[in-house]
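Raw work37.pdb, PDB, C-alpha atoms:
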ATOM      1  CA  MET A  12      30.559 -25.045  25.503  1.00  0.00           C
ATOM      2  CA  SER A  13      27.996 -27.088  23.528  1.00  0.00           C
ATOM      3  CA  LYS A  14      28.714 -27.941  19.923  1.00  0.00           C
ATOM      4  CA  LYS A  15      26.848 -25.866  17.349  1.00  0.00           C
ATOM      5  CA  VAL A  16      23.943 -27.737  15.785  1.00  0.00           C
ATOM      6  CA  THR A  17      24.115 -27.636  11.989  1.00  0.00           C
ATOM      7  CA  CYS A  18      22.015 -28.887   9.107  1.00  0.00           C
ATOM      8  CA  GLU A  19      24.434 -31.806   8.788  1.00  0.00           C
ATOM      9  CA  THR A  20      23.916 -32.664  12.472  1.00  0.00           C
ATOM     10  CA  VAL A  21      20.158 -32.862  11.978  1.00  0.00           C
ATOM     11  CA  ALA A  22      20.535 -34.896   8.768  1.00  0.00           C
ATOM     12  CA  ALA A  23      22.775 -37.464  10.476  1.00  0.00           C
ATOM     13  CA  ALA A  24      20.446 -37.797  13.476  1.00  0.00           C
ATOM     14  CA  ALA A  25      17.362 -38.192  11.277  1.00  0.00           C
ATOM     15  CA  GLY A  26      19.032 -40.542   8.799  1.00  0.00           C
ATOM     16  CA  VAL A  27      18.360 -38.313   5.791  1.00  0.00           C
ATOM     17  CA  SER A  28      20.410 -36.166   3.446  1.00  0.00           C
ATOM     18  CA  ARG A  29      21.315 -32.535   4.085  1.00  0.00           C
ATOM     19  CA  SER A  30      19.221 -31.524   1.072  1.00  0.00           C
ATOM     20  CA  THR A  31      16.157 -33.189   2.612  1.00  0.00           C
ATOM     21  CA  VAL A  32      16.589 -31.194   5.830  1.00  0.00           C
ATOM     22  CA  SER A  33      17.018 -28.051   3.734  1.00  0.00           C
ATOM     23  CA  LEU A  34      13.808 -28.752   1.795  1.00  0.00           C
ATOM     24  CA  ILE A  35      11.820 -29.208   5.000  1.00  0.00           C
ATOM     25  CA  MET A  36      13.251 -26.119   6.705  1.00  0.00           C
ATOM     26  CA  ASN A  37      12.470 -24.070   3.603  1.00  0.00           C
ATOM     27  CA  GLY A  38       8.847 -25.191   3.524  1.00  0.00           C
ATOM     28  CA  HIS A  39       9.058 -27.474   0.466  1.00  0.00           C
ATOM     29  CA  ASN A  40       7.085 -30.195   2.210  1.00  0.00           C
ATOM     30  CA  GLU A  41       5.494 -31.464  -1.002  1.00  0.00           C
ATOM     31  CA  ARG A  42       8.840 -32.974  -2.006  1.00  0.00           C
ATOM     32  CA  VAL A  43       9.241 -35.203   1.072  1.00  0.00           C
ATOM     33  CA  SER A  44       7.007 -37.758   2.753  1.00  0.00           C
ATOM     34  CA  ASP A  45       4.938 -36.759   5.761  1.00  0.00           C
ATOM     35  CA  GLU A  46       6.729 -39.381   7.863  1.00  0.00           C
ATOM     36  CA  THR A  47      10.152 -37.976   6.962  1.00  0.00           C
ATOM     37  CA  ARG A  48       9.034 -34.411   7.612  1.00  0.00           C
ATOM     38  CA  LYS A  49       7.737 -35.280  11.073  1.00  0.00           C
ATOM     39  CA  ARG A  50      10.918 -37.192  11.936  1.00  0.00           C
ATOM     40  CA  VAL A  51      13.172 -34.342  10.841  1.00  0.00           C
ATOM     41  CA  LEU A  52      11.130 -31.699  12.643  1.00  0.00           C
ATOM     42  CA  LYS A  53      11.219 -33.822  15.809  1.00  0.00           C
ATOM     43  CA  ILE A  54      15.027 -33.926  15.619  1.00  0.00           C
ATOM     44  CA  VAL A  55      15.123 -30.193  14.894  1.00  0.00           C
ATOM     45  CA  ASP A  56      13.085 -29.544  18.031  1.00  0.00           C
ATOM     46  CA  GLU A  57      15.120 -31.926  20.188  1.00  0.00           C
ATOM     47  CA  LEU A  58      18.469 -30.494  19.090  1.00  0.00           C
ATOM     48  CA  GLY A  59      17.309 -26.890  19.039  1.00  0.00           C
ATOM     49  CA  TYR A  60      18.482 -26.358  15.468  1.00  0.00           C
ATOM     50  CA  ARG A  61      18.073 -22.852  14.040  1.00  0.00           C
ATOM     51  CA  PRO A  62      18.950 -22.180  10.374  1.00  0.00           C
ATOM     52  CA  ASN A  63      21.493 -19.436   9.673  1.00  0.00           C
ATOM     53  CA  LEU A  64      19.276 -17.043   7.706  1.00  0.00           C
ATOM     54  CA  SER A  65      22.104 -14.670   6.822  1.00  0.00           C
ATOM     55  CA  ALA A  66      24.210 -17.465   5.343  1.00  0.00           C
ATOM     56  CA  ARG A  67      21.232 -18.805   3.421  1.00  0.00           C
ATOM     57  CA  THR A  68      20.523 -15.367   1.947  1.00  0.00           C
ATOM     58  CA  ILE A  69      24.119 -15.057   0.731  1.00  0.00           C
ATOM     59  CA  ARG A  70      24.132 -18.589  -0.677  1.00  0.00           C
ATOM     60  CA  THR A  71      20.762 -18.558  -2.449  1.00  0.00           C
ATOM     61  CA  GLN A  72      20.322 -14.823  -3.045  1.00  0.00           C
ATOM     62  CA  LYS A  73      16.891 -15.213  -1.434  1.00  0.00           C
ATOM     63  CA  SER A  74      15.966 -13.985   2.035  1.00  0.00           C
ATOM     64  CA  LYS A  75      12.746 -16.044   2.348  1.00  0.00           C
ATOM     65  CA  ALA A  76      11.198 -12.854   3.699  1.00  0.00           C
ATOM     66  CA  ILE A  77       8.270 -10.829   2.377  1.00  0.00           C
ATOM     67  CA  GLY A  78       7.897  -7.171   3.309  1.00  0.00           C
ATOM     68  CA  ILE A  79       4.405  -5.888   4.102  1.00  0.00           C
ATOM     69  CA  ILE A  80       3.771  -2.141   4.293  1.00  0.00           C
ATOM     70  CA  VAL A  81       0.498  -1.132   5.962  1.00  0.00           C
ATOM     71  CA  GLU A  82      -1.197   2.237   6.305  1.00  0.00           C
ATOM     72  CA  GLY A  83      -3.582   2.562   9.241  1.00  0.00           C
ATOM     73  CA  ILE A  84      -2.595  -0.738  10.856  1.00  0.00           C
ATOM     74  CA  ALA A  85      -4.990  -0.099  13.755  1.00  0.00           C
ATOM     75  CA  GLU A  86      -8.018  -0.523  11.455  1.00  0.00           C
ATOM     76  CA  GLY A  87      -9.752  -3.847  12.077  1.00  0.00           C
ATOM     77  CA  TRP A  88      -9.749  -5.346   8.598  1.00  0.00           C
ATOM     78  CA  PHE A  89      -6.041  -4.647   8.146  1.00  0.00           C
ATOM     79  CA  GLY A  90      -5.294  -6.865  11.142  1.00  0.00           C
ATOM     80  CA  GLN A  91      -7.309  -9.715   9.674  1.00  0.00           C
ATOM     81  CA  LEU A  92      -5.591  -9.341   6.303  1.00  0.00           C
ATOM     82  CA  LEU A  93      -2.160  -9.392   7.932  1.00  0.00           C
ATOM     83  CA  PHE A  94      -3.058 -12.463   9.966  1.00  0.00           C
ATOM     84  CA  GLY A  95      -4.076 -14.347   6.841  1.00  0.00           C
ATOM     85  CA  ALA A  96      -1.003 -13.253   4.866  1.00  0.00           C
ATOM     86  CA  GLU A  97       1.408 -14.133   7.660  1.00  0.00           C
ATOM     87  CA  LYS A  98      -0.239 -17.523   8.210  1.00  0.00           C
ATOM     88  CA  LYS A  99       0.040 -18.464   4.534  1.00  0.00           C
ATOM     89  CA  LEU A 100       3.601 -17.165   4.206  1.00  0.00           C
ATOM     90  CA  ARG A 101       4.681 -19.151   7.258  1.00  0.00           C
ATOM     91  CA  GLU A 102       3.222 -22.311   5.698  1.00  0.00           C
ATOM     92  CA  MET A 103       5.358 -21.562   2.625  1.00  0.00           C
ATOM     93  CA  GLY A 104       8.509 -21.133   4.692  1.00  0.00           C
ATOM     94  CA  TYR A 105       8.628 -17.329   4.575  1.00  0.00           C
ATOM     95  CA  GLN A 106       8.875 -14.771   7.340  1.00  0.00           C
ATOM     96  CA  VAL A 107       7.174 -11.359   7.358  1.00  0.00           C
ATOM     97  CA  ILE A 108       8.896  -8.026   7.841  1.00  0.00           C
ATOM     98  CA  LEU A 109       6.228  -5.454   8.729  1.00  0.00           C
ATOM     99  CA  SER A 110       6.439  -1.696   8.260  1.00  0.00           C
ATOM    100  CA  SER A 111       3.579   0.575   9.365  1.00  0.00           C
ATOM    101  CA  LEU A 112       2.851   3.927   7.742  1.00  0.00           C
ATOM    102  CA  TYR A 113       1.516   6.935   9.590  1.00  0.00           C
ATOM    103  CA  TYR A 114      -2.136   7.074   8.673  1.00  0.00           C
ATOM    104  CA  GLN A 115      -2.865   9.873   6.166  1.00  0.00           C
ATOM    105  CA  LYS A 116       0.315  11.798   7.093  1.00  0.00           C
ATOM    106  CA  GLY A 117       3.363  12.373   4.892  1.00  0.00           C
ATOM    107  CA  PHE A 118       2.383   9.335   2.860  1.00  0.00           C
ATOM    108  CA  GLU A 119       4.807   9.545  -0.049  1.00  0.00           C
ATOM    109  CA  GLN A 120       7.900  10.221   2.057  1.00  0.00           C
ATOM    110  CA  ASP A 121       6.906   7.627   4.638  1.00  0.00           C
ATOM    111  CA  LEU A 122       6.227   5.002   1.966  1.00  0.00           C
ATOM    112  CA  THR A 123       9.578   5.699   0.309  1.00  0.00           C
ATOM    113  CA  GLN A 124      11.402   5.204   3.623  1.00  0.00           C
ATOM    114  CA  SER A 125       9.538   1.951   4.310  1.00  0.00           C
ATOM    115  CA  ILE A 126      10.348   0.623   0.842  1.00  0.00           C
ATOM    116  CA  GLU A 127      14.036   1.464   1.176  1.00  0.00           C
ATOM    117  CA  LEU A 128      14.131  -0.271   4.565  1.00  0.00           C
ATOM    118  CA  LEU A 129      12.622  -3.453   3.142  1.00  0.00           C
ATOM    119  CA  LEU A 130      14.899  -3.382   0.106  1.00  0.00           C
ATOM    120  CA  SER A 131      17.905  -3.102   2.414  1.00  0.00           C
ATOM    121  CA  ARG A 132      16.696  -6.311   4.081  1.00  0.00           C
ATOM    122  CA  GLN A 133      16.728  -7.992   0.666  1.00  0.00           C
ATOM    123  CA  VAL A 134      13.116  -9.142   0.834  1.00  0.00           C
ATOM    124  CA  ASP A 135      11.904 -11.465  -1.922  1.00  0.00           C
ATOM    125  CA  GLY A 136       8.662  -9.566  -2.449  1.00  0.00           C
ATOM    126  CA  ILE A 137       6.606  -6.637  -1.122  1.00  0.00           C
ATOM    127  CA  ILE A 138       2.901  -6.204  -0.342  1.00  0.00           C
ATOM    128  CA  ILE A 139       1.598  -2.651   0.121  1.00  0.00           C
ATOM    129  CA  ILE A 140      -1.767  -2.136   1.838  1.00  0.00           C
ATOM    130  CA  THR A 141      -3.177   1.393   1.796  1.00  0.00           C
ATOM    131  CA  SER A 142      -6.531   2.996   2.473  1.00  0.00           C
ATOM    132  CA  ASN A 143      -6.755   5.815  -0.047  1.00  0.00           C
ATOM    133  CA  GLU A 144      -7.426   5.881  -3.775  1.00  0.00           C
ATOM    134  CA  THR A 145      -5.268   8.866  -4.777  1.00  0.00           C
ATOM    135  CA  ARG A 146      -1.726   7.640  -4.370  1.00  0.00           C
ATOM    136  CA  SER A 147       1.423   8.539  -6.294  1.00  0.00           C
ATOM    137  CA  ILE A 148       3.319   5.610  -7.794  1.00  0.00           C
ATOM    138  CA  LYS A 149       6.646   7.461  -7.570  1.00  0.00           C
ATOM    139  CA  PRO A 150       7.804   5.641  -4.376  1.00  0.00           C
ATOM    140  CA  LEU A 151       7.208   2.297  -6.130  1.00  0.00           C
ATOM    141  CA  GLN A 152       9.777   2.936  -8.833  1.00  0.00           C
ATOM    142  CA  SER A 153      12.695   1.475  -6.894  1.00  0.00           C
ATOM    143  CA  ILE A 154      10.793  -1.816  -6.481  1.00  0.00           C
ATOM    144  CA  LEU A 155       9.945  -1.930 -10.187  1.00  0.00           C
ATOM    145  CA  ASN A 156      13.522  -1.130 -11.211  1.00  0.00           C
ATOM    146  CA  LEU A 157      14.807  -4.072  -9.170  1.00  0.00           C
ATOM    147  CA  LYS A 158      12.054  -6.311 -10.599  1.00  0.00           C
ATOM    148  CA  ILE A 159      10.989  -7.394  -7.123  1.00  0.00           C
ATOM    149  CA  PRO A 160       7.486  -8.968  -7.057  1.00  0.00           C
ATOM    150  CA  LEU A 161       4.926  -6.422  -5.830  1.00  0.00           C
ATOM    151  CA  VAL A 162       1.262  -6.759  -4.847  1.00  0.00           C
ATOM    152  CA  LEU A 163      -0.905  -3.709  -4.127  1.00  0.00           C
ATOM    153  CA  VAL A 164      -3.940  -3.873  -1.854  1.00  0.00           C
ATOM    154  CA  ASP A 165      -6.448  -0.992  -2.047  1.00  0.00           C
ATOM    155  CA  PHE A 166      -3.836   1.063  -3.903  1.00  0.00           C
ATOM    156  CA  TYR A 167      -5.946   2.347  -6.798  1.00  0.00           C
ATOM    157  CA  SER A 168      -3.586   4.559  -8.822  1.00  0.00           C
ATOM    158  CA  THR A 169      -1.988   1.727 -10.759  1.00  0.00           C
ATOM    159  CA  GLU A 170      -2.904   2.461 -14.382  1.00  0.00           C
ATOM    160  CA  GLU A 171       0.711   3.386 -15.144  1.00  0.00           C
ATOM    161  CA  ILE A 172       2.173   0.109 -13.902  1.00  0.00           C
ATOM    162  CA  GLN A 173       1.253  -3.529 -14.449  1.00  0.00           C
ATOM    163  CA  VAL A 174       1.340  -5.308 -11.100  1.00  0.00           C
ATOM    164  CA  PRO A 175      -1.160  -7.571  -9.294  1.00  0.00           C
ATOM    165  CA  ARG A 176      -3.610  -5.626  -7.157  1.00  0.00           C
ATOM    166  CA  ILE A 177      -6.436  -6.494  -4.792  1.00  0.00           C
ATOM    167  CA  TYR A 178      -9.180  -4.006  -4.120  1.00  0.00           C
ATOM    168  CA  LEU A 179     -12.833  -3.700  -3.218  1.00  0.00           C
ATOM    169  CA  ASN A 180     -15.304  -2.496  -5.820  1.00  0.00           C
ATOM    170  CA  TYR A 181     -17.316  -0.114  -3.651  1.00  0.00           C
ATOM    171  CA  GLU A 182     -20.142   0.346  -6.141  1.00  0.00           C
ATOM    172  CA  GLU A 183     -20.673  -3.400  -6.391  1.00  0.00           C
ATOM    173  CA  ALA A 184     -20.381  -3.748  -2.607  1.00  0.00           C
ATOM    174  CA  GLY A 185     -23.020  -1.039  -2.203  1.00  0.00           C
ATOM    175  CA  MET A 186     -25.371  -2.820  -4.564  1.00  0.00           C
ATOM    176  CA  ILE A 187     -24.955  -6.152  -2.769  1.00  0.00           C
ATOM    177  CA  ALA A 188     -25.518  -4.577   0.667  1.00  0.00           C
ATOM    178  CA  ILE A 189     -28.600  -2.602  -0.339  1.00  0.00           C
ATOM    179  CA  GLU A 190     -30.134  -5.448  -2.342  1.00  0.00           C
ATOM    180  CA  HIS A 191     -29.708  -7.785   0.628  1.00  0.00           C
ATOM    181  CA  LEU A 192     -31.434  -5.391   3.022  1.00  0.00           C
ATOM    182  CA  TYR A 193     -34.137  -4.610   0.447  1.00  0.00           C
ATOM    183  CA  ARG A 194     -34.963  -8.307   0.067  1.00  0.00           C
ATOM    184  CA  LEU A 195     -35.366  -8.433   3.843  1.00  0.00           C
ATOM    185  CA  GLY A 196     -38.058  -5.749   3.551  1.00  0.00           C
ATOM    186  CA  LYS A 197     -35.919  -2.900   4.891  1.00  0.00           C
ATOM    187  CA  ARG A 198     -36.657   0.532   3.424  1.00  0.00           C
ATOM    188  CA  ARG A 199     -35.021   2.969   5.861  1.00  0.00           C
ATOM    189  CA  ILE A 200     -31.314   2.108   5.815  1.00  0.00           C
ATOM    190  CA  ALA A 201     -28.529   3.926   7.676  1.00  0.00           C
ATOM    191  CA  LEU A 202     -24.793   3.811   7.038  1.00  0.00           C
ATOM    192  CA  ILE A 203     -22.190   4.227   9.782  1.00  0.00           C
ATOM    193  CA  GLY A 204     -18.513   4.562   8.933  1.00  0.00           C
ATOM    194  CA  THR A 205     -15.383   6.655   9.267  1.00  0.00           C
ATOM    195  CA  VAL A 206     -14.974   9.828   7.232  1.00  0.00           C
ATOM    196  CA  GLY A 207     -13.077   9.332   3.973  1.00  0.00           C
ATOM    197  CA  SER A 208     -13.333   9.276   0.205  1.00  0.00           C
ATOM    198  CA  LYS A 209     -14.449   5.635   0.165  1.00  0.00           C
ATOM    199  CA  LEU A 210     -17.324   6.264   2.548  1.00  0.00           C
ATOM    200  CA  GLU A 211     -18.359   9.297   0.493  1.00  0.00           C
ATOM    201  CA  LYS A 212     -18.326   7.225  -2.709  1.00  0.00           C
ATOM    202  CA  PHE A 213     -20.425   4.562  -1.012  1.00  0.00           C
ATOM    203  CA  GLN A 214     -22.844   7.215   0.304  1.00  0.00           C
ATOM    204  CA  THR A 215     -23.175   8.866  -3.086  1.00  0.00           C
ATOM    205  CA  PHE A 216     -23.770   5.626  -4.920  1.00  0.00           C
ATOM    206  CA  CYS A 217     -26.356   4.389  -2.451  1.00  0.00           C
ATOM    207  CA  GLY A 218     -28.109   7.756  -2.196  1.00  0.00           C
ATOM    208  CA  PHE A 219     -27.489   8.270   1.531  1.00  0.00           C
ATOM    209  CA  ASN A 220     -27.934  11.680   3.113  1.00  0.00           C
ATOM    210  CA  ARG A 221     -24.981  12.642   5.305  1.00  0.00           C
ATOM    211  CA  ILE A 222     -25.756  13.765   8.874  1.00  0.00           C
TER     212      ILE A 222
END

For the file at hand, write its structure as structure tokens.
Amino acid sequence: MSKKVTCETVAAAAGVSRSTVSLIMNGHNERVSDETRKRVLKIVDELGYRPNLSARTIRTQKSKAIGIIVEGIAEGWFGQLLFGAEKKLREMGYQVILSSLYYQKGFEQDLTQSIELLLSRQVDGIIIITSNETRSIKPLQSILNLKIPLVLVDFYSTEEIQVPRIYLNYEEAGMIAIEHLYRLGKRRIALIGTVGSKLEKFQTFCGFNRI
């Protein structure tokens, strides 16, 4: 039976300290030289070292995992957003735990279940991406009580809580789109999109007739 490869094994083979290996494996590359990082990662690959995530969570009280809850994951722009988030989190040494909501069905109960699942995994933060403006903040209370960092994307009903949020201003987007086409000399403009409150707001603002 082969001997288990540990952080100490990698450190000895690379000629660095255990703390240096830990920094690199946790994504803190700014604190070590590029040459050292490459040497350590080469040893990691050669020895097949895999950090014990469970032990690290117990030791540091951090899981190095971010939970992302998505409603309507099949929609194109959601996929692009997730790709970007996962790419950046990986660069920072985090992993993503993804939970998908059933689109427009049993939202509050489904969101509550997803949140409880992520909290049970001891995630270090949660991102919630939805596609509807009228959402209850009740399911978010457990996150707020635990003071876990939370970011809301397209989740409009946030006046009662102070958390970072990212959303599209549909009136401004409508103005930019119409002004662009108008400058190109276009006067008969059509809008194609899925049915929903956001499309209706866009239609109303821009003066489109629905067919």

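Remark: for A:Arg50, the closest of the candidate residues A:Ser30, A:Ala22, A:Val164, A:Asp121 is A:Ala22 (distances computed over only C-alpha atoms).
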
Self-check item: the PyMOL selection byres ((chain A and resi 137) around 8) applied to the shown file, residues as JSON, numbers by chain
Solution: {"A": [77, 78, 79, 80, 134, 135, 136, 138, 139, 159, 160, 161, 162]}

### Message
Can you translate the PyMOL selection byres ((chain A and resi 87-96) around 12) into the concrete residues it hits in this file, as JSON, numbers by chain?
### Response
{"A": [77, 78, 79, 80, 81, 82, 83, 84, 85, 86, 97, 98, 99, 100, 101, 102, 103, 105, 106, 107, 108, 109, 110, 111, 137, 138, 139, 140, 141, 142, 162, 164, 165, 177]}

If you count all atoms listed in the file, which residues fall within 12 Å of A:Ser33, apart from same-chain ones fewer than 2 positions away, as a PyMOL selection string?
-> chain A and resi 17-19+21-22+27-31+35-40+42-43+48+51-52+55+60-64+67+71+104

Could you please take those selected residues and save C-alpha atoms as an mmCIF file, in the coordinates of the input?
data_model
loop_
_atom_site.group_PDB
_atom_site.id
_atom_site.type_symbol
_atom_site.label_atom_id
_atom_site.label_comp_id
_atom_site.auth_asym_id
_atom_site.auth_seq_id
_atom_site.Cartn_x
_atom_site.Cartn_y
_atom_site.Cartn_z
ATOM 1 C CA THR A 17 24.115 -27.636 11.989
ATOM 2 C CA CYS A 18 22.015 -28.887 9.107
ATOM 3 C CA GLU A 19 24.434 -31.806 8.788
ATOM 4 C CA VAL A 21 20.158 -32.862 11.978
ATOM 5 C CA ALA A 22 20.535 -34.896 8.768
ATOM 6 C CA VAL A 27 18.360 -38.313 5.791
ATOM 7 C CA SER A 28 20.410 -36.166 3.446
ATOM 8 C CA ARG A 29 21.315 -32.535 4.085
ATOM 9 C CA SER A 30 19.221 -31.524 1.072
ATOM 10 C CA THR A 31 16.157 -33.189 2.612
ATOM 11 C CA ILE A 35 11.820 -29.208 5.000
ATOM 12 C CA MET A 36 13.251 -26.119 6.705
ATOM 13 C CA ASN A 37 12.470 -24.070 3.603
ATOM 14 C CA GLY A 38 8.847 -25.191 3.524
ATOM 15 C CA HIS A 39 9.058 -27.474 0.466
ATOM 16 C CA ASN A 40 7.085 -30.195 2.210
ATOM 17 C CA ARG A 42 8.840 -32.974 -2.006
ATOM 18 C CA VAL A 43 9.241 -35.203 1.072
ATOM 19 C CA ARG A 48 9.034 -34.411 7.612
ATOM 20 C CA VAL A 51 13.172 -34.342 10.841
ATOM 21 C CA LEU A 52 11.130 -31.699 12.643
ATOM 22 C CA VAL A 55 15.123 -30.193 14.894
ATOM 23 C CA TYR A 60 18.482 -26.358 15.468
ATOM 24 C CA ARG A 61 18.073 -22.852 14.040
ATOM 25 C CA PRO A 62 18.950 -22.180 10.374
ATOM 26 C CA ASN A 63 21.493 -19.436 9.673
ATOM 27 C CA LEU A 64 19.276 -17.043 7.706
ATOM 28 C CA ARG A 67 21.232 -18.805 3.421
ATOM 29 C CA THR A 71 20.762 -18.558 -2.449
ATOM 30 C CA GLY A 104 8.509 -21.133 4.692
#

Among A:Ala23, A:Ala184, A:Leu129, A:Leu58, A:Ser153 is approached most closely, using only C-alpha atoms, by A:Leu129

Expressed in Å, the length from atom CA of A:Glu119 to atom CA of A:Leu163 is 15.0 Å

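The coordinates place atom CA of A:Phe166 at 24.6 Å from atom CA of A:Lys75.
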
The distance between atom CA of A:Ala25 and atom CA of A:Ile54 is 6.5 Å

Give me the result of the PyMOL selection byres ((chain A and resi 123) around 10) on this file, residue by residue, as a PDB file with C-alpha atoms, in the coordinates of the input.
ATOM      1  CA  PHE A 118       2.383   9.335   2.860  1.00  0.00           C
ATOM      2  CA  GLU A 119       4.807   9.545  -0.049  1.00  0.00           C
ATOM      3  CA  GLN A 120       7.900  10.221   2.057  1.00  0.00           C
ATOM      4  CA  ASP A 121       6.906   7.627   4.638  1.00  0.00           C
ATOM      5  CA  LEU A 122       6.227   5.002   1.966  1.00  0.00           C
ATOM      6  CA  GLN A 124      11.402   5.204   3.623  1.00  0.00           C
ATOM      7  CA  SER A 125       9.538   1.951   4.310  1.00  0.00           C
ATOM      8  CA  ILE A 126      10.348   0.623   0.842  1.00  0.00           C
ATOM      9  CA  GLU A 127      14.036   1.464   1.176  1.00  0.00           C
ATOM     10  CA  LEU A 128      14.131  -0.271   4.565  1.00  0.00           C
ATOM     11  CA  LYS A 149       6.646   7.461  -7.570  1.00  0.00           C
ATOM     12  CA  PRO A 150       7.804   5.641  -4.376  1.00  0.00           C
ATOM     13  CA  LEU A 151       7.208   2.297  -6.130  1.00  0.00           C
ATOM     14  CA  GLN A 152       9.777   2.936  -8.833  1.00  0.00           C
ATOM     15  CA  SER A 153      12.695   1.475  -6.894  1.00  0.00           C
TER      16      SER A 153
END

Test item: axis-aligned box, all listed atoms of stretch 49-59 of chain A, 8 Å on each side, centre and edges in Å rounded to one decimal, as lines of an AutoDock Vina configuration file:
center_x = 13.1
center_y = -32.0
center_z = 15.5
size_x = 26.7
size_y = 26.3
size_z = 25.3
